[in-house]
$ cat coords_16.pdb   # PDB, N, CA and C atoms
ATOM      1  N   MET A   1      -6.635  -6.515 -14.288
ATOM      2  CA  MET A   1      -6.746  -5.605 -13.152
ATOM      3  C   MET A   1      -6.514  -6.407 -11.872
ATOM      4  N   SER A   2      -5.734  -5.887 -10.970
ATOM      5  CA  SER A   2      -5.395  -6.639  -9.763
ATOM      6  C   SER A   2      -6.572  -6.712  -8.791
ATOM      7  N   ASN A   3      -6.634  -7.824  -8.065
ATOM      8  CA  ASN A   3      -7.676  -7.990  -7.052
ATOM      9  C   ASN A   3      -7.537  -6.940  -5.967
ATOM     10  N   PHE A   4      -6.311  -6.614  -5.624
ATOM     11  CA  PHE A   4      -6.067  -5.612  -4.589
ATOM     12  C   PHE A   4      -6.743  -4.294  -4.956
ATOM     13  N   ALA A   5      -6.626  -3.895  -6.201
ATOM     14  CA  ALA A   5      -7.200  -2.622  -6.651
ATOM     15  C   ALA A   5      -8.708  -2.579  -6.452
ATOM     16  N   LYS A   6      -9.368  -3.710  -6.640
ATOM     17  CA  LYS A   6     -10.825  -3.767  -6.536
ATOM     18  C   LYS A   6     -11.321  -3.845  -5.094
ATOM     19  N   GLN A   7     -10.481  -4.275  -4.172
ATOM     20  CA  GLN A   7     -10.956  -4.523  -2.807
ATOM     21  C   GLN A   7     -10.614  -3.427  -1.807
ATOM     22  N   ILE A   8     -10.129  -2.293  -2.253
ATOM     23  CA  ILE A   8      -9.799  -1.211  -1.332
ATOM     24  C   ILE A   8     -11.083  -0.568  -0.826
ATOM     25  N   PRO A   9     -11.327  -0.627   0.494
ATOM     26  CA  PRO A   9     -12.564  -0.056   1.045
ATOM     27  C   PRO A   9     -12.589   1.469   0.941
ATOM     28  N   LYS A  10     -13.782   2.026   0.962
ATOM     29  CA  LYS A  10     -13.948   3.484   0.907
ATOM     30  C   LYS A  10     -13.357   4.165   2.141
ATOM     31  N   ALA A  11     -13.225   3.432   3.242
ATOM     32  CA  ALA A  11     -12.664   3.999   4.468
ATOM     33  C   ALA A  11     -11.185   4.348   4.313
ATOM     34  N   VAL A  12     -10.511   3.767   3.320
ATOM     35  CA  VAL A  12      -9.098   4.053   3.070
ATOM     36  C   VAL A  12      -9.006   5.374   2.310
ATOM     37  N   LYS A  13      -8.301   6.324   2.898
ATOM     38  CA  LYS A  13      -8.165   7.646   2.289
ATOM     39  C   LYS A  13      -6.811   7.859   1.619
ATOM     40  N   GLU A  14      -5.783   7.091   2.058
ATOM     41  CA  GLU A  14      -4.439   7.288   1.507
ATOM     42  C   GLU A  14      -3.620   6.025   1.712
ATOM     43  N   ILE A  15      -2.825   5.678   0.699
ATOM     44  CA  ILE A  15      -1.834   4.608   0.807
ATOM     45  C   ILE A  15      -0.501   5.235   0.453
ATOM     46  N   ARG A  16       0.474   5.055   1.341
ATOM     47  CA  ARG A  16       1.816   5.620   1.153
ATOM     48  C   ARG A  16       2.822   4.483   1.184
ATOM     49  N   LEU A  17       3.634   4.372   0.147
ATOM     50  CA  LEU A  17       4.674   3.347   0.090
ATOM     51  C   LEU A  17       6.037   4.011   0.148
ATOM     52  N   HIS A  18       6.868   3.552   1.063
ATOM     53  CA  HIS A  18       8.244   4.051   1.199
ATOM     54  C   HIS A  18       9.178   2.901   0.857
ATOM     55  N   PHE A  19      10.116   3.145  -0.057
ATOM     56  CA  PHE A  19      11.073   2.090  -0.407
ATOM     57  C   PHE A  19      12.299   2.667  -1.100
ATOM     58  N   CYS A  20      13.333   1.839  -1.196
ATOM     59  CA  CYS A  20      14.595   2.217  -1.836
ATOM     60  C   CYS A  20      14.528   1.878  -3.325
ATOM     61  N   GLN A  21      15.106   2.723  -4.144
ATOM     62  CA  GLN A  21      15.091   2.527  -5.593
ATOM     63  C   GLN A  21      15.982   1.370  -6.039
ATOM     64  N   THR A  22      16.988   1.014  -5.236
ATOM     65  CA  THR A  22      17.983   0.038  -5.682
ATOM     66  C   THR A  22      18.141  -1.174  -4.772
ATOM     67  N   SER A  23      17.720  -1.094  -3.550
ATOM     68  CA  SER A  23      17.939  -2.165  -2.576
ATOM     69  C   SER A  23      17.196  -3.443  -2.942
ATOM     70  N   GLY A  24      17.836  -4.578  -2.704
ATOM     71  CA  GLY A  24      17.190  -5.872  -2.904
ATOM     72  C   GLY A  24      16.022  -6.085  -1.957
ATOM     73  N   HIS A  25      16.072  -5.441  -0.792
ATOM     74  CA  HIS A  25      14.989  -5.556   0.187
ATOM     75  C   HIS A  25      13.680  -4.964  -0.352
ATOM     76  N   SER A  26      13.801  -4.049  -1.312
ATOM     77  CA  SER A  26      12.623  -3.355  -1.864
ATOM     78  C   SER A  26      12.184  -3.897  -3.221
ATOM     79  N   ALA A  27      12.791  -4.967  -3.699
ATOM     80  CA  ALA A  27      12.497  -5.473  -5.047
ATOM     81  C   ALA A  27      11.019  -5.827  -5.223
ATOM     82  N   GLY A  28      10.427  -6.497  -4.256
ATOM     83  CA  GLY A  28       9.031  -6.907  -4.358
ATOM     84  C   GLY A  28       8.072  -5.736  -4.419
ATOM     85  N   ILE A  29       8.334  -4.729  -3.609
ATOM     86  CA  ILE A  29       7.446  -3.562  -3.599
ATOM     87  C   ILE A  29       7.604  -2.750  -4.889
ATOM     88  N   ARG A  30       8.808  -2.697  -5.442
ATOM     89  CA  ARG A  30       8.999  -2.009  -6.729
ATOM     90  C   ARG A  30       8.219  -2.714  -7.840
ATOM     91  N   LYS A  31       8.282  -4.045  -7.861
ATOM     92  CA  LYS A  31       7.527  -4.805  -8.866
ATOM     93  C   LYS A  31       6.028  -4.615  -8.668
ATOM     94  N   PHE A  32       5.584  -4.580  -7.409
ATOM     95  CA  PHE A  32       4.171  -4.367  -7.118
ATOM     96  C   PHE A  32       3.712  -3.022  -7.673
ATOM     97  N   VAL A  33       4.492  -1.979  -7.451
ATOM     98  CA  VAL A  33       4.129  -0.643  -7.936
ATOM     99  C   VAL A  33       4.068  -0.636  -9.464
ATOM    100  N   GLN A  34       5.055  -1.226 -10.109
ATOM    101  CA  GLN A  34       5.082  -1.236 -11.574
ATOM    102  C   GLN A  34       3.885  -1.965 -12.166
ATOM    103  N   SER A  35       3.485  -3.066 -11.552
ATOM    104  CA  SER A  35       2.400  -3.850 -12.139
ATOM    105  C   SER A  35       1.012  -3.420 -11.667
ATOM    106  N   SER A  36       0.887  -2.890 -10.456
ATOM    107  CA  SER A  36      -0.431  -2.642  -9.876
ATOM    108  C   SER A  36      -0.878  -1.185  -9.856
ATOM    109  N   TYR A  37       0.052  -0.246  -9.906
ATOM    110  CA  TYR A  37      -0.323   1.169  -9.798
ATOM    111  C   TYR A  37      -1.400   1.587 -10.805
ATOM    112  N   PRO A  38      -1.246   1.251 -12.096
ATOM    113  CA  PRO A  38      -2.270   1.701 -13.053
ATOM    114  C   PRO A  38      -3.679   1.189 -12.713
ATOM    115  N   SER A  39      -3.799  -0.068 -12.325
ATOM    116  CA  SER A  39      -5.122  -0.609 -12.015
ATOM    117  C   SER A  39      -5.674  -0.045 -10.706
ATOM    118  N   ILE A  40      -4.800   0.233  -9.748
ATOM    119  CA  ILE A  40      -5.252   0.831  -8.487
ATOM    120  C   ILE A  40      -5.832   2.216  -8.753
ATOM    121  N   LYS A  41      -5.135   3.023  -9.529
ATOM    122  CA  LYS A  41      -5.627   4.375  -9.826
ATOM    123  C   LYS A  41      -6.875   4.346 -10.709
ATOM    124  N   LYS A  42      -6.957   3.371 -11.610
ATOM    125  CA  LYS A  42      -8.134   3.270 -12.465
ATOM    126  C   LYS A  42      -9.366   2.882 -11.643
ATOM    127  N   SER A  43      -9.202   1.967 -10.704
ATOM    128  CA  SER A  43     -10.322   1.506  -9.871
ATOM    129  C   SER A  43     -10.663   2.481  -8.754
ATOM    130  N   ASN A  44      -9.686   3.287  -8.332
ATOM    131  CA  ASN A  44      -9.852   4.192  -7.194
ATOM    132  C   ASN A  44      -9.284   5.572  -7.530
ATOM    133  N   PRO A  45      -9.896   6.295  -8.460
ATOM    134  CA  PRO A  45      -9.301   7.557  -8.928
ATOM    135  C   PRO A  45      -9.162   8.634  -7.851
ATOM    136  N   ASP A  46      -9.970   8.577  -6.802
ATOM    137  CA  ASP A  46      -9.896   9.594  -5.753
ATOM    138  C   ASP A  46      -8.959   9.219  -4.609
ATOM    139  N   LEU A  47      -8.434   8.000  -4.629
ATOM    140  CA  LEU A  47      -7.533   7.538  -3.572
ATOM    141  C   LEU A  47      -6.152   8.182  -3.738
ATOM    142  N   LYS A  48      -5.628   8.707  -2.646
ATOM    143  CA  LYS A  48      -4.259   9.225  -2.666
ATOM    144  C   LYS A  48      -3.326   8.024  -2.534
ATOM    145  N   PHE A  49      -2.538   7.775  -3.576
ATOM    146  CA  PHE A  49      -1.594   6.660  -3.602
ATOM    147  C   PHE A  49      -0.217   7.262  -3.805
ATOM    148  N   LEU A  50       0.535   7.387  -2.714
ATOM    149  CA  LEU A  50       1.800   8.110  -2.730
ATOM    150  C   LEU A  50       2.980   7.143  -2.721
ATOM    151  N   ILE A  51       3.962   7.440  -3.541
ATOM    152  CA  ILE A  51       5.170   6.625  -3.630
ATOM    153  C   ILE A  51       6.342   7.492  -3.214
ATOM    154  N   ARG A  52       7.048   7.047  -2.186
ATOM    155  CA  ARG A  52       8.190   7.795  -1.660
ATOM    156  C   ARG A  52       9.442   6.932  -1.763
ATOM    157  N   GLU A  53      10.360   7.353  -2.613
ATOM    158  CA  GLU A  53      11.613   6.624  -2.786
ATOM    159  C   GLU A  53      12.728   7.366  -2.068
ATOM    160  N   ALA A  54      13.560   6.598  -1.362
ATOM    161  CA  ALA A  54      14.714   7.170  -0.663
ATOM    162  C   ALA A  54      15.780   6.093  -0.541
ATOM    163  N   SER A  55      17.025   6.494  -0.542
ATOM    164  CA  SER A  55      18.120   5.536  -0.467
ATOM    165  C   SER A  55      18.208   4.885   0.906
ATOM    166  N   ASP A  56      18.459   3.599   0.877
ATOM    167  CA  ASP A  56      18.757   2.818   2.083
ATOM    168  C   ASP A  56      17.696   2.902   3.177
ATOM    169  N   ILE A  57      16.432   2.847   2.806
ATOM    170  CA  ILE A  57      15.391   2.784   3.829
ATOM    171  C   ILE A  57      14.714   1.416   3.760
ATOM    172  N   SER A  58      14.147   1.019   4.857
ATOM    173  CA  SER A  58      13.422  -0.241   4.916
ATOM    174  C   SER A  58      12.049  -0.032   4.276
ATOM    175  N   PRO A  59      11.656  -0.907   3.346
ATOM    176  CA  PRO A  59      10.359  -0.725   2.682
ATOM    177  C   PRO A  59       9.198  -0.929   3.646
ATOM    178  N   ARG A  60       8.247  -0.034   3.572
ATOM    179  CA  ARG A  60       7.060  -0.131   4.417
ATOM    180  C   ARG A  60       5.890   0.558   3.745
ATOM    181  N   ALA A  61       4.713   0.231   4.227
ATOM    182  CA  ALA A  61       3.488   0.842   3.715
ATOM    183  C   ALA A  61       2.725   1.463   4.865
ATOM    184  N   PHE A  62       2.115   2.598   4.590
ATOM    185  CA  PHE A  62       1.266   3.299   5.551
ATOM    186  C   PHE A  62      -0.113   3.430   4.907
ATOM    187  N   VAL A  63      -1.147   3.183   5.686
ATOM    188  CA  VAL A  63      -2.514   3.370   5.202
ATOM    189  C   VAL A  63      -3.222   4.296   6.174
ATOM    190  N   ARG A  64      -3.805   5.365   5.618
ATOM    191  CA  ARG A  64      -4.576   6.307   6.444
ATOM    192  C   ARG A  64      -6.052   6.086   6.161
ATOM    193  N   PHE A  65      -6.801   5.935   7.242
ATOM    194  CA  PHE A  65      -8.227   5.666   7.154
ATOM    195  C   PHE A  65      -9.028   6.917   7.502
ATOM    196  N   GLU A  66     -10.336   6.779   7.483
ATOM    197  CA  GLU A  66     -11.206   7.874   7.902
ATOM    198  C   GLU A  66     -10.804   8.347   9.289
ATOM    199  N   ARG A  67     -11.039   9.609   9.548
ATOM    200  CA  ARG A  67     -10.776  10.231  10.844
ATOM    201  C   ARG A  67      -9.313  10.163  11.275
ATOM    202  N   GLY A  68      -8.401  10.006  10.314
ATOM    203  CA  GLY A  68      -6.983  10.094  10.598
ATOM    204  C   GLY A  68      -6.319   8.869  11.186
ATOM    205  N   ALA A  69      -7.035   7.787  11.403
ATOM    206  CA  ALA A  69      -6.413   6.567  11.909
ATOM    207  C   ALA A  69      -5.405   6.073  10.872
ATOM    208  N   GLU A  70      -4.252   5.608  11.350
ATOM    209  CA  GLU A  70      -3.198   5.189  10.433
ATOM    210  C   GLU A  70      -2.575   3.884  10.903
ATOM    211  N   SER A  71      -2.253   3.015   9.943
ATOM    212  CA  SER A  71      -1.581   1.745  10.225
ATOM    213  C   SER A  71      -0.401   1.625   9.281
ATOM    214  N   GLN A  72       0.593   0.829   9.697
ATOM    215  CA  GLN A  72       1.746   0.620   8.838
ATOM    216  C   GLN A  72       2.231  -0.810   8.945
ATOM    217  N   ILE A  73       3.022  -1.213   7.949
ATOM    218  CA  ILE A  73       3.572  -2.564   7.922
ATOM    219  C   ILE A  73       4.928  -2.545   7.222
ATOM    220  N   GLN A  74       5.838  -3.399   7.680
ATOM    221  CA  GLN A  74       7.143  -3.569   7.043
ATOM    222  C   GLN A  74       6.987  -4.499   5.850
ATOM    223  N   LEU A  75       7.668  -4.204   4.745
ATOM    224  CA  LEU A  75       7.551  -5.007   3.531
ATOM    225  C   LEU A  75       8.912  -5.476   3.009
ATOM    226  N   ALA A  76       9.898  -5.578   3.884
ATOM    227  CA  ALA A  76      11.254  -5.955   3.466
ATOM    228  C   ALA A  76      11.302  -7.412   3.020
ATOM    229  N   ASP A  77      12.007  -7.649   1.936
ATOM    230  CA  ASP A  77      12.293  -8.988   1.416
ATOM    231  C   ASP A  77      11.057  -9.791   1.052
ATOM    232  N   LEU A  78       9.982  -9.133   0.644
ATOM    233  CA  LEU A  78       8.772  -9.837   0.226
ATOM    234  C   LEU A  78       8.680  -9.853  -1.297
ATOM    235  N   SER A  79       8.031 -10.877  -1.837
ATOM    236  CA  SER A  79       7.788 -10.940  -3.279
ATOM    237  C   SER A  79       6.626 -10.006  -3.624
ATOM    238  N   GLU A  80       6.417  -9.812  -4.905
ATOM    239  CA  GLU A  80       5.323  -8.952  -5.358
ATOM    240  C   GLU A  80       3.978  -9.460  -4.839
ATOM    241  N   SER A  81       3.744 -10.754  -4.899
ATOM    242  CA  SER A  81       2.458 -11.307  -4.431
ATOM    243  C   SER A  81       2.324 -11.200  -2.918
ATOM    244  N   GLN A  82       3.435 -11.342  -2.192
ATOM    245  CA  GLN A  82       3.398 -11.177  -0.738
ATOM    246  C   GLN A  82       3.101  -9.722  -0.370
ATOM    247  N   VAL A  83       3.658  -8.782  -1.115
ATOM    248  CA  VAL A  83       3.385  -7.363  -0.877
ATOM    249  C   VAL A  83       1.893  -7.102  -1.070
ATOM    250  N   SER A  84       1.321  -7.623  -2.138
ATOM    251  CA  SER A  84      -0.105  -7.449  -2.401
ATOM    252  C   SER A  84      -0.947  -8.042  -1.273
ATOM    253  N   SER A  85      -0.573  -9.214  -0.809
ATOM    254  CA  SER A  85      -1.300  -9.873   0.275
ATOM    255  C   SER A  85      -1.223  -9.073   1.574
ATOM    256  N   GLU A  86      -0.030  -8.588   1.908
ATOM    257  CA  GLU A  86       0.149  -7.809   3.140
ATOM    258  C   GLU A  86      -0.601  -6.483   3.069
ATOM    259  N   LEU A  87      -0.591  -5.845   1.899
ATOM    260  CA  LEU A  87      -1.340  -4.596   1.739
ATOM    261  C   LEU A  87      -2.841  -4.847   1.862
ATOM    262  N   SER A  88      -3.314  -5.955   1.328
ATOM    263  CA  SER A  88      -4.734  -6.307   1.458
ATOM    264  C   SER A  88      -5.126  -6.439   2.919
ATOM    265  N   LYS A  89      -4.286  -7.127   3.689
ATOM    266  CA  LYS A  89      -4.549  -7.269   5.125
ATOM    267  C   LYS A  89      -4.572  -5.908   5.805
ATOM    268  N   LEU A  90      -3.628  -5.051   5.415
ATOM    269  CA  LEU A  90      -3.510  -3.739   6.044
ATOM    270  C   LEU A  90      -4.712  -2.843   5.735
ATOM    271  N   VAL A  91      -5.137  -2.791   4.480
ATOM    272  CA  VAL A  91      -6.263  -1.912   4.144
ATOM    273  C   VAL A  91      -7.581  -2.413   4.744
ATOM    274  N   ASN A  92      -7.648  -3.697   5.006
ATOM    275  CA  ASN A  92      -8.870  -4.248   5.605
ATOM    276  C   ASN A  92      -8.821  -4.312   7.124
ATOM    277  N   SER A  93      -7.687  -3.982   7.720
ATOM    278  CA  SER A  93      -7.533  -4.095   9.174
ATOM    279  C   SER A  93      -8.476  -3.180   9.945
ATOM    280  N   GLN A  94      -8.639  -1.945   9.518
ATOM    281  CA  GLN A  94      -9.508  -0.995  10.232
ATOM    282  C   GLN A  94     -10.973  -1.300   9.994
ATOM    283  N   THR A  95     -11.329  -1.702   8.798
ATOM    284  CA  THR A  95     -12.742  -1.969   8.522
ATOM    285  C   THR A  95     -13.198  -3.214   9.252
ATOM    286  N   VAL A  96     -12.317  -4.201   9.428
ATOM    287  CA  VAL A  96     -12.663  -5.410  10.177
ATOM    288  C   VAL A  96     -12.839  -5.084  11.650
ATOM    289  N   SER A  97     -11.920  -4.306  12.204
ATOM    290  CA  SER A  97     -12.023  -3.972  13.634
ATOM    291  C   SER A  97     -13.239  -3.089  13.921
ATOM    292  N   LYS A  98     -13.662  -2.266  12.953
ATOM    293  CA  LYS A  98     -14.854  -1.441  13.148
ATOM    294  C   LYS A  98     -16.115  -2.297  13.218
ATOM    295  N   ALA A  99     -16.130  -3.386  12.420
ATOM    296  CA  ALA A  99     -17.323  -4.231  12.342
ATOM    297  C   ALA A  99     -17.513  -5.062  13.605
ATOM    298  N   GLN A 100     -16.470  -5.291  14.355
ATOM    299  CA  GLN A 100     -16.572  -6.135  15.546
ATOM    300  C   GLN A 100     -17.103  -5.405  16.728
TER     301      GLN A 100
END
$ encode --input "coords_16.pdb" --output "structure tokens"
Amino acid sequence: MSNFAKQIPKAVKEIRLHFCQTSGHSAGIRKFVQSSYPSIKKSNPDLKFLIREASDISPRAFVRFERGAESQIQLADLSESQVSSELSKLVNSQTVSKAQ
């Protein structure tokens, strides 16, 4: 089970991934989805985890938090482990700023 799947805070209400089905720029995010999706859904069954594929788009992730706050990040040309790391930073960005 991936570490990312276990560390998603309750404040995260939705994760949306946008990427191209064939582009080399999206290779890392495609591998991340293939390897991590089952464990993410198993650890977080109520989390909305949306995958949006479209031709020739730049890969990015959107995270929606409580009360509609939303953050996004570009994921072009990243490896699977880099995608996981960037998503971890993104899902924890709102909870860290709330604590300060």
$ closest_residue --input "coords_16.pdb" --among "A:Glu80, A:Ile73, A:Asn3, A:Ile8" --to "A:Arg30" --atoms "all atoms listed in the file"
A:Glu80
$ residues_around --input "coords_16.pdb" --residues "stretch 51-68 of chain A" --least-positions-apart "2" --cutoff "8 Å" --atoms "only N, CA and C atoms" --output "PDB file with N, CA and C atoms, in the frame of the given file"
ATOM      1  N   LYS A  10     -13.782   2.026   0.962  1.00  0.00           N
ATOM      2  CA  LYS A  10     -13.948   3.484   0.907  1.00  0.00           C
ATOM      3  C   LYS A  10     -13.357   4.165   2.141  1.00  0.00           C
ATOM      4  N   ALA A  11     -13.225   3.432   3.242  1.00  0.00           N
ATOM      5  CA  ALA A  11     -12.664   3.999   4.468  1.00  0.00           C
ATOM      6  C   ALA A  11     -11.185   4.348   4.313  1.00  0.00           C
ATOM      7  N   VAL A  12     -10.511   3.767   3.320  1.00  0.00           N
ATOM      8  CA  VAL A  12      -9.098   4.053   3.070  1.00  0.00           C
ATOM      9  C   VAL A  12      -9.006   5.374   2.310  1.00  0.00           C
ATOM     10  N   LYS A  13      -8.301   6.324   2.898  1.00  0.00           N
ATOM     11  CA  LYS A  13      -8.165   7.646   2.289  1.00  0.00           C
ATOM     12  C   LYS A  13      -6.811   7.859   1.619  1.00  0.00           C
ATOM     13  N   GLU A  14      -5.783   7.091   2.058  1.00  0.00           N
ATOM     14  CA  GLU A  14      -4.439   7.288   1.507  1.00  0.00           C
ATOM     15  C   GLU A  14      -3.620   6.025   1.712  1.00  0.00           C
ATOM     16  N   ILE A  15      -2.825   5.678   0.699  1.00  0.00           N
ATOM     17  CA  ILE A  15      -1.834   4.608   0.807  1.00  0.00           C
ATOM     18  C   ILE A  15      -0.501   5.235   0.453  1.00  0.00           C
ATOM     19  N   ARG A  16       0.474   5.055   1.341  1.00  0.00           N
ATOM     20  CA  ARG A  16       1.816   5.620   1.153  1.00  0.00           C
ATOM     21  C   ARG A  16       2.822   4.483   1.184  1.00  0.00           C
ATOM     22  N   LEU A  17       3.634   4.372   0.147  1.00  0.00           N
ATOM     23  CA  LEU A  17       4.674   3.347   0.090  1.00  0.00           C
ATOM     24  C   LEU A  17       6.037   4.011   0.148  1.00  0.00           C
ATOM     25  N   HIS A  18       6.868   3.552   1.063  1.00  0.00           N
ATOM     26  CA  HIS A  18       8.244   4.051   1.199  1.00  0.00           C
ATOM     27  C   HIS A  18       9.178   2.901   0.857  1.00  0.00           C
ATOM     28  N   PHE A  19      10.116   3.145  -0.057  1.00  0.00           N
ATOM     29  CA  PHE A  19      11.073   2.090  -0.407  1.00  0.00           C
ATOM     30  C   PHE A  19      12.299   2.667  -1.100  1.00  0.00           C
ATOM     31  N   CYS A  20      13.333   1.839  -1.196  1.00  0.00           N
ATOM     32  CA  CYS A  20      14.595   2.217  -1.836  1.00  0.00           C
ATOM     33  C   CYS A  20      14.528   1.878  -3.325  1.00  0.00           C
ATOM     34  N   GLN A  21      15.106   2.723  -4.144  1.00  0.00           N
ATOM     35  CA  GLN A  21      15.091   2.527  -5.593  1.00  0.00           C
ATOM     36  C   GLN A  21      15.982   1.370  -6.039  1.00  0.00           C
ATOM     37  N   THR A  22      16.988   1.014  -5.236  1.00  0.00           N
ATOM     38  CA  THR A  22      17.983   0.038  -5.682  1.00  0.00           C
ATOM     39  C   THR A  22      18.141  -1.174  -4.772  1.00  0.00           C
ATOM     40  N   SER A  23      17.720  -1.094  -3.550  1.00  0.00           N
ATOM     41  CA  SER A  23      17.939  -2.165  -2.576  1.00  0.00           C
ATOM     42  C   SER A  23      17.196  -3.443  -2.942  1.00  0.00           C
ATOM     43  N   HIS A  25      16.072  -5.441  -0.792  1.00  0.00           N
ATOM     44  CA  HIS A  25      14.989  -5.556   0.187  1.00  0.00           C
ATOM     45  C   HIS A  25      13.680  -4.964  -0.352  1.00  0.00           C
ATOM     46  N   SER A  26      13.801  -4.049  -1.312  1.00  0.00           N
ATOM     47  CA  SER A  26      12.623  -3.355  -1.864  1.00  0.00           C
ATOM     48  C   SER A  26      12.184  -3.897  -3.221  1.00  0.00           C
ATOM     49  N   ILE A  29       8.334  -4.729  -3.609  1.00  0.00           N
ATOM     50  CA  ILE A  29       7.446  -3.562  -3.599  1.00  0.00           C
ATOM     51  C   ILE A  29       7.604  -2.750  -4.889  1.00  0.00           C
ATOM     52  N   LYS A  48      -5.628   8.707  -2.646  1.00  0.00           N
ATOM     53  CA  LYS A  48      -4.259   9.225  -2.666  1.00  0.00           C
ATOM     54  C   LYS A  48      -3.326   8.024  -2.534  1.00  0.00           C
ATOM     55  N   PHE A  49      -2.538   7.775  -3.576  1.00  0.00           N
ATOM     56  CA  PHE A  49      -1.594   6.660  -3.602  1.00  0.00           C
ATOM     57  C   PHE A  49      -0.217   7.262  -3.805  1.00  0.00           C
ATOM     58  N   GLU A  70      -4.252   5.608  11.350  1.00  0.00           N
ATOM     59  CA  GLU A  70      -3.198   5.189  10.433  1.00  0.00           C
ATOM     60  C   GLU A  70      -2.575   3.884  10.903  1.00  0.00           C
ATOM     61  N   SER A  71      -2.253   3.015   9.943  1.00  0.00           N
ATOM     62  CA  SER A  71      -1.581   1.745  10.225  1.00  0.00           C
ATOM     63  C   SER A  71      -0.401   1.625   9.281  1.00  0.00           C
ATOM     64  N   GLN A  72       0.593   0.829   9.697  1.00  0.00           N
ATOM     65  CA  GLN A  72       1.746   0.620   8.838  1.00  0.00           C
ATOM     66  C   GLN A  72       2.231  -0.810   8.945  1.00  0.00           C
ATOM     67  N   ILE A  73       3.022  -1.213   7.949  1.00  0.00           N
ATOM     68  CA  ILE A  73       3.572  -2.564   7.922  1.00  0.00           C
ATOM     69  C   ILE A  73       4.928  -2.545   7.222  1.00  0.00           C
ATOM     70  N   GLN A  74       5.838  -3.399   7.680  1.00  0.00           N
ATOM     71  CA  GLN A  74       7.143  -3.569   7.043  1.00  0.00           C
ATOM     72  C   GLN A  74       6.987  -4.499   5.850  1.00  0.00           C
ATOM     73  N   LEU A  75       7.668  -4.204   4.745  1.00  0.00           N
ATOM     74  CA  LEU A  75       7.551  -5.007   3.531  1.00  0.00           C
ATOM     75  C   LEU A  75       8.912  -5.476   3.009  1.00  0.00           C
ATOM     76  N   ALA A  76       9.898  -5.578   3.884  1.00  0.00           N
ATOM     77  CA  ALA A  76      11.254  -5.955   3.466  1.00  0.00           C
ATOM     78  C   ALA A  76      11.302  -7.412   3.020  1.00  0.00           C
ATOM     79  N   ASP A  77      12.007  -7.649   1.936  1.00  0.00           N
ATOM     80  CA  ASP A  77      12.293  -8.988   1.416  1.00  0.00           C
ATOM     81  C   ASP A  77      11.057  -9.791   1.052  1.00  0.00           C
ATOM     82  N   LEU A  87      -0.591  -5.845   1.899  1.00  0.00           N
ATOM     83  CA  LEU A  87      -1.340  -4.596   1.739  1.00  0.00           C
ATOM     84  C   LEU A  87      -2.841  -4.847   1.862  1.00  0.00           C
ATOM     85  N   LEU A  90      -3.628  -5.051   5.415  1.00  0.00           N
ATOM     86  CA  LEU A  90      -3.510  -3.739   6.044  1.00  0.00           C
ATOM     87  C   LEU A  90      -4.712  -2.843   5.735  1.00  0.00           C
ATOM     88  N   VAL A  91      -5.137  -2.791   4.480  1.00  0.00           N
ATOM     89  CA  VAL A  91      -6.263  -1.912   4.144  1.00  0.00           C
ATOM     90  C   VAL A  91      -7.581  -2.413   4.744  1.00  0.00           C
ATOM     91  N   GLN A  94      -8.639  -1.945   9.518  1.00  0.00           N
ATOM     92  CA  GLN A  94      -9.508  -0.995  10.232  1.00  0.00           C
ATOM     93  C   GLN A  94     -10.973  -1.300   9.994  1.00  0.00           C
TER      94      GLN A  94
END
$ atom_distance --input "coords_16.pdb" --atom1 "atom N of A:Lys31" --atom2 "atom C of A:Gln82"
10.7 Å
$ closest_residue --input "coords_16.pdb" --among "A:Val83, A:Ala69, A:Asn92, A:Lys6" --to "A:Ser39" --atoms "all atoms listed in the file"
A:Lys6
$ residues_around --input "coords_16.pdb" --residues "A:Ala5" --least-positions-apart "3" --cutoff "12 Å" --atoms "only C-alpha atoms" --output "VMD selection string"
chain A and resid 1 to 2 8 to 10 12 15 32 to 33 35 to 45 47 49 84 to 85 87 to 88 91
$ select_by_dssp --input "coords_16.pdb" --residues "chain A" --states "helix (DSSP H, G or I)" --output "ChimeraX atom specification"
/A:3-6,24-43,66-68,80-99
$ atom_distance --input "coords_16.pdb" --atom1 "atom CA of A:Ser93" --atom2 "atom C of A:Gly24"
26.1 Å
$ select_by_dssp --input "coords_16.pdb" --residues "chain A" --states "strand (DSSP E or B)" --output "ChimeraX atom specification"
/A:12-19,48-53,60-65,70-74
$ build_atoms --input "coords_16.pdb" --residues "stretch 68-73 of chain A" --atoms "N, CA, C and O atoms" --output "tab-separated table (two decimals), keeping the file's coordinate frame"
chain	number	residue	atom	x	y	z
A	68	GLY	N	-8.40	10.01	10.31
A	68	GLY	CA	-6.98	10.09	10.60
A	68	GLY	C	-6.32	8.87	11.19
A	68	GLY	O	-5.13	8.89	11.46
A	69	ALA	N	-7.04	7.79	11.40
A	69	ALA	CA	-6.41	6.57	11.91
A	69	ALA	C	-5.40	6.07	10.87
A	69	ALA	O	-5.65	6.12	9.67
A	70	GLU	N	-4.25	5.61	11.35
A	70	GLU	CA	-3.20	5.19	10.43
A	70	GLU	C	-2.58	3.88	10.90
A	70	GLU	O	-2.40	3.67	12.10
A	71	SER	N	-2.25	3.02	9.94
A	71	SER	CA	-1.58	1.74	10.22
A	71	SER	C	-0.40	1.62	9.28
A	71	SER	O	-0.40	2.21	8.20
A	72	GLN	N	0.59	0.83	9.70
A	72	GLN	CA	1.75	0.62	8.84
A	72	GLN	C	2.23	-0.81	8.94
A	72	GLN	O	1.89	-1.53	9.89
A	73	ILE	N	3.02	-1.21	7.95
A	73	ILE	CA	3.57	-2.56	7.92
A	73	ILE	C	4.93	-2.54	7.22
A	73	ILE	O	5.14	-1.76	6.30
